[in-house]
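Read the structure below first, then the notes.
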Amino acid sequence: LDDWYVRGDARGPRPLAISRYEHYETWLRMYSAESYFLDLDTRDTFFQADPFLPLAARRRTAGHARDLYVFEEDGLKTVGNCKWNRGWLGCFGASKAWQSDATWAQPVRCSGSTLGSRDAMFKYVDAMLKAADDWMCHRTKGIPSDQGYHNFLILSGAHERNGLNVVSEPRGTGVVHTIGA
């Protein structure tokens, strides 16, 4: 994204998996606060229902704008037993406080499937970009995946501290079915 910013980007190059969040942020600015946004990898995802239909019903309830929907991958694969996800989360080793046996037993949440109101998605995207800037796993450890940041923010409780209500949909039960291939 060397021409995305008027004065350039002092942070240096980012892998596509992370730079796409800057595109999301730009697109979010084009929509009203009543809009919902779905970021989706299409290669390993199936819709099981209209993804926006449950949100239309929730719109009438207080707090709906804070809901961030994340989608779990294969129920047998956890962040602890999947070599890829455990490796990506290894970048955050200096922050041991969030790690426990219960953390490692958690299902993997797919970074390519996230749904929420425009305001919830702004908070989510900003948190993803801030985590990439703060931890720089893509530069210091050669970990280019956004999925590590995605799961770290969920498992560490960062989204809740930022005012979001994270709704984690088990694989096969939500509006999005992520294969996780």
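Each chain in the structure tokens gets a letter, A, B and so on, in the order shown; residues start at 1 in every chain, and ligands are counted from 1 in the order they appear.
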Test item, alpha helix (DSSP H) assignment across range 31-162 of chain A, answer as a compact mmCIF listing (two decimals) with N, CA and C atoms, in the first residue's frame:
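Result written to out-v8.txt:
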# COMPACT_ATOMS: atom_id res chain seq x y z
N LEU A 53 -30.19 -11.18 8.09
CA LEU A 53 -31.53 -11.34 8.63
C LEU A 53 -31.56 -11.31 10.16
N PRO A 54 -30.70 -12.05 10.87
CA PRO A 54 -30.73 -11.96 12.34
C PRO A 54 -30.38 -10.57 12.85
N LEU A 55 -29.57 -9.86 12.11
CA LEU A 55 -29.18 -8.52 12.54
C LEU A 55 -30.35 -7.55 12.42
N ALA A 56 -31.20 -7.75 11.42
CA ALA A 56 -32.37 -6.88 11.26
C ALA A 56 -33.28 -7.00 12.49
N ALA A 57 -33.43 -8.23 13.01
CA ALA A 57 -34.25 -8.43 14.21
C ALA A 57 -33.57 -7.83 15.43
N ARG A 58 -32.25 -7.94 15.54
CA ARG A 58 -31.50 -7.41 16.68
C ARG A 58 -31.50 -5.89 16.69
N LYS A 83 -1.20 -26.47 14.72
CA LYS A 83 0.17 -25.92 14.69
C LYS A 83 0.22 -24.52 14.11
N TRP A 84 -0.64 -24.22 13.14
CA TRP A 84 -0.62 -22.89 12.53
C TRP A 84 -1.10 -21.83 13.51
N ASN A 85 -2.27 -22.06 14.09
CA ASN A 85 -2.83 -21.06 15.00
C ASN A 85 -2.01 -20.92 16.28
N ARG A 86 -1.51 -22.02 16.79
CA ARG A 86 -0.65 -21.94 17.98
C ARG A 86 0.61 -21.14 17.64
N GLY A 87 1.15 -21.34 16.46
CA GLY A 87 2.33 -20.59 16.03
C GLY A 87 2.04 -19.11 15.88
N TRP A 88 0.89 -18.78 15.28
CA TRP A 88 0.53 -17.37 15.11
C TRP A 88 0.35 -16.70 16.48
N LEU A 89 -0.29 -17.41 17.41
CA LEU A 89 -0.49 -16.86 18.74
C LEU A 89 0.81 -16.81 19.54
N ASP A 101 -4.69 -23.08 30.04
CA ASP A 101 -5.15 -24.31 29.40
C ASP A 101 -6.51 -24.08 28.75
N ALA A 102 -7.36 -23.29 29.41
CA ALA A 102 -8.68 -23.00 28.85
C ALA A 102 -8.56 -22.21 27.54
N THR A 103 -7.58 -21.32 27.47
CA THR A 103 -7.36 -20.55 26.24
C THR A 103 -6.98 -21.48 25.10
N TRP A 104 -6.04 -22.38 25.36
CA TRP A 104 -5.55 -23.27 24.30
C TRP A 104 -6.63 -24.26 23.86
N ARG A 118 -21.68 -1.24 11.53
CA ARG A 118 -20.56 -0.42 11.06
C ARG A 118 -19.68 0.02 12.22
N ASP A 119 -20.30 0.45 13.32
CA ASP A 119 -19.53 0.94 14.46
C ASP A 119 -18.74 -0.18 15.13
N ALA A 120 -19.34 -1.36 15.26
CA ALA A 120 -18.62 -2.50 15.83
C ALA A 120 -17.46 -2.90 14.93
N MET A 121 -17.68 -2.87 13.63
CA MET A 121 -16.62 -3.23 12.70
C MET A 121 -15.50 -2.19 12.69
N PHE A 122 -15.83 -0.92 12.89
CA PHE A 122 -14.79 0.10 13.03
C PHE A 122 -13.88 -0.24 14.21
N LYS A 123 -14.50 -0.57 15.35
CA LYS A 123 -13.70 -0.91 16.53
C LYS A 123 -12.85 -2.16 16.27
N TYR A 124 -13.45 -3.14 15.61
CA TYR A 124 -12.74 -4.37 15.29
C TYR A 124 -11.55 -4.10 14.37
N VAL A 125 -11.80 -3.40 13.28
CA VAL A 125 -10.74 -3.10 12.31
C VAL A 125 -9.64 -2.27 12.95
N ASP A 126 -10.02 -1.26 13.72
CA ASP A 126 -9.01 -0.43 14.40
C ASP A 126 -8.18 -1.28 15.36
N ALA A 127 -8.82 -2.21 16.08
CA ALA A 127 -8.08 -3.08 17.00
C ALA A 127 -7.12 -3.99 16.24
N MET A 128 -7.56 -4.49 15.09
CA MET A 128 -6.68 -5.34 14.28
C MET A 128 -5.46 -4.57 13.80
N LEU A 129 -5.68 -3.36 13.30
CA LEU A 129 -4.55 -2.54 12.82
C LEU A 129 -3.64 -2.13 13.97
N LYS A 130 -4.23 -1.80 15.12
CA LYS A 130 -3.41 -1.41 16.28
C LYS A 130 -2.57 -2.60 16.76
N ALA A 131 -3.18 -3.79 16.79
CA ALA A 131 -2.43 -4.98 17.21
C ALA A 131 -1.27 -5.24 16.25
N ALA A 132 -1.53 -5.08 14.96
CA ALA A 132 -0.46 -5.27 13.97
C ALA A 132 0.66 -4.26 14.18
N ASP A 133 0.28 -3.01 14.47
CA ASP A 133 1.29 -1.96 14.71
C ASP A 133 2.04 -2.19 16.03
N ASP A 134 1.32 -2.59 17.07
CA ASP A 134 1.94 -2.79 18.38
C ASP A 134 2.84 -4.01 18.43
N TRP A 135 2.36 -5.12 17.87
CA TRP A 135 3.09 -6.38 17.99
C TRP A 135 4.02 -6.65 16.80
N CYS A 137 4.05 -8.71 14.43
CA CYS A 137 4.40 -10.12 14.25
C CYS A 137 4.84 -10.40 12.81
N HIS A 138 4.27 -9.67 11.87
CA HIS A 138 4.61 -9.87 10.46
C HIS A 138 6.03 -9.43 10.15
N ARG A 139 6.59 -8.55 10.98
CA ARG A 139 7.96 -8.08 10.74
C ARG A 139 8.97 -8.72 11.67
N THR A 140 8.62 -8.83 12.95
CA THR A 140 9.60 -9.32 13.92
C THR A 140 9.71 -10.84 13.96
N ASP A 146 -3.24 -12.50 9.71
CA ASP A 146 -4.14 -11.72 10.55
C ASP A 146 -4.90 -12.62 11.53
N GLN A 147 -4.92 -13.91 11.29
CA GLN A 147 -5.68 -14.81 12.17
C GLN A 147 -5.10 -14.84 13.58
N GLY A 148 -3.80 -14.69 13.71
CA GLY A 148 -3.19 -14.62 15.03
C GLY A 148 -3.69 -13.40 15.79
N TYR A 149 -3.72 -12.24 15.12
CA TYR A 149 -4.22 -11.02 15.76
C TYR A 149 -5.70 -11.18 16.11
N HIS A 150 -6.46 -11.73 15.18
CA HIS A 150 -7.90 -11.93 15.35
C HIS A 150 -8.19 -12.75 16.61
N ASN A 151 -7.54 -13.91 16.72
CA ASN A 151 -7.78 -14.79 17.87
C ASN A 151 -7.21 -14.21 19.16
N PHE A 152 -6.08 -13.55 19.07
CA PHE A 152 -5.51 -12.92 20.27
C PHE A 152 -6.49 -11.89 20.85
N LEU A 153 -7.06 -11.05 20.00
CA LEU A 153 -7.98 -10.01 20.47
C LEU A 153 -9.23 -10.61 21.10
N ILE A 154 -9.69 -11.74 20.55
CA ILE A 154 -10.86 -12.42 21.12
C ILE A 154 -10.49 -13.08 22.44
N LEU A 155 -9.43 -13.89 22.44
CA LEU A 155 -9.07 -14.69 23.61
C LEU A 155 -8.56 -13.85 24.78
N ALA A 158 -9.72 -8.34 24.69
CA ALA A 158 -9.49 -6.96 24.24
C ALA A 158 -10.75 -6.33 23.65
N HIS A 159 -11.53 -7.10 22.91
CA HIS A 159 -12.74 -6.53 22.30
C HIS A 159 -13.76 -6.12 23.36
N GLU A 160 -13.93 -6.95 24.37
CA GLU A 160 -14.87 -6.61 25.44
C GLU A 160 -14.42 -5.35 26.17
N ARG A 161 -13.12 -5.25 26.42
CA ARG A 161 -12.61 -4.04 27.08
C ARG A 161 -12.80 -2.81 26.20
| said: Quick one: residues within 8 Å of range 67-70 of chain A, only C-alpha atoms, excluding same-chain residues fewer than 6 positions away - as a ChimeraX atom specification? | reply: /A:109-111,113-117,120-121,124,164-169
| task | Return as a ChimeraX atom specification the full set of residues in chain A whose backbone-based DSSP assignment is strand (DSSP E). | result | /A:36-40,45-47,67-72,109-117,165-169,176-178
| task | Using only C-alpha atoms, determine which residues lie at most 7 Å from Phe47 in chain A, disregarding the query and same-chain residues fewer than 6 positions distant; provide the list as an MDAnalysis selection string. | result | chainID A and resid 175:177
Write the residues you've just listed into a file as a PDB file, in the first residue's frame, and include N, CA, C and O atoms for each of them.
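Writing done, so here's selection-v1.pdb:
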ATOM      1  N   VAL A 175     -24.881 -18.208  10.673  1.00  0.00           N
ATOM      2  CA  VAL A 175     -25.274 -17.897   9.290  1.00  0.00           C
ATOM      3  C   VAL A 175     -24.130 -18.165   8.317  1.00  0.00           C
ATOM      4  O   VAL A 175     -24.348 -18.353   7.131  1.00  0.00           O
ATOM      5  N   VAL A 176     -22.909 -18.213   8.839  1.00  0.00           N
ATOM      6  CA  VAL A 176     -21.723 -18.484   8.015  1.00  0.00           C
ATOM      7  C   VAL A 176     -21.119 -19.804   8.469  1.00  0.00           C
ATOM      8  O   VAL A 176     -20.933 -20.031   9.668  1.00  0.00           O
ATOM      9  N   HIS A 177     -20.818 -20.669   7.529  1.00  0.00           N
ATOM     10  CA  HIS A 177     -20.144 -21.940   7.820  1.00  0.00           C
ATOM     11  C   HIS A 177     -18.748 -21.861   7.243  1.00  0.00           C
ATOM     12  O   HIS A 177     -18.579 -21.775   6.025  1.00  0.00           O
TER      13      HIS A 177
END
| query | Looking at A:Ile179, A:Ile143, A:Ala105, A:Leu40, which one is nearest to Gly80 in chain A, with distances taken over only C-alpha atoms? | reply |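 Among the listed residues, the smallest separation from Gly80 in chain A belongs to A:Ala105.
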| request: Could you tell me which of A:Ser100, A:Thr178, A:Met136, A:Gly112 comes closest to Tyr21 in chain A if we count only C-alpha atoms? | output: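 With only C-alpha atoms as the atom set, the closest residue is A:Gly112.
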| request: Between A:Glu73, A:Ala65, A:Ile18, A:Ala10, single out the one closest to Glu34 in chain A, counting only C-alpha atoms. | output: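 Between A:Glu73, A:Ala65, A:Ile18, A:Ala10, the residue approaching Glu34 in chain A most closely is A:Ala65.
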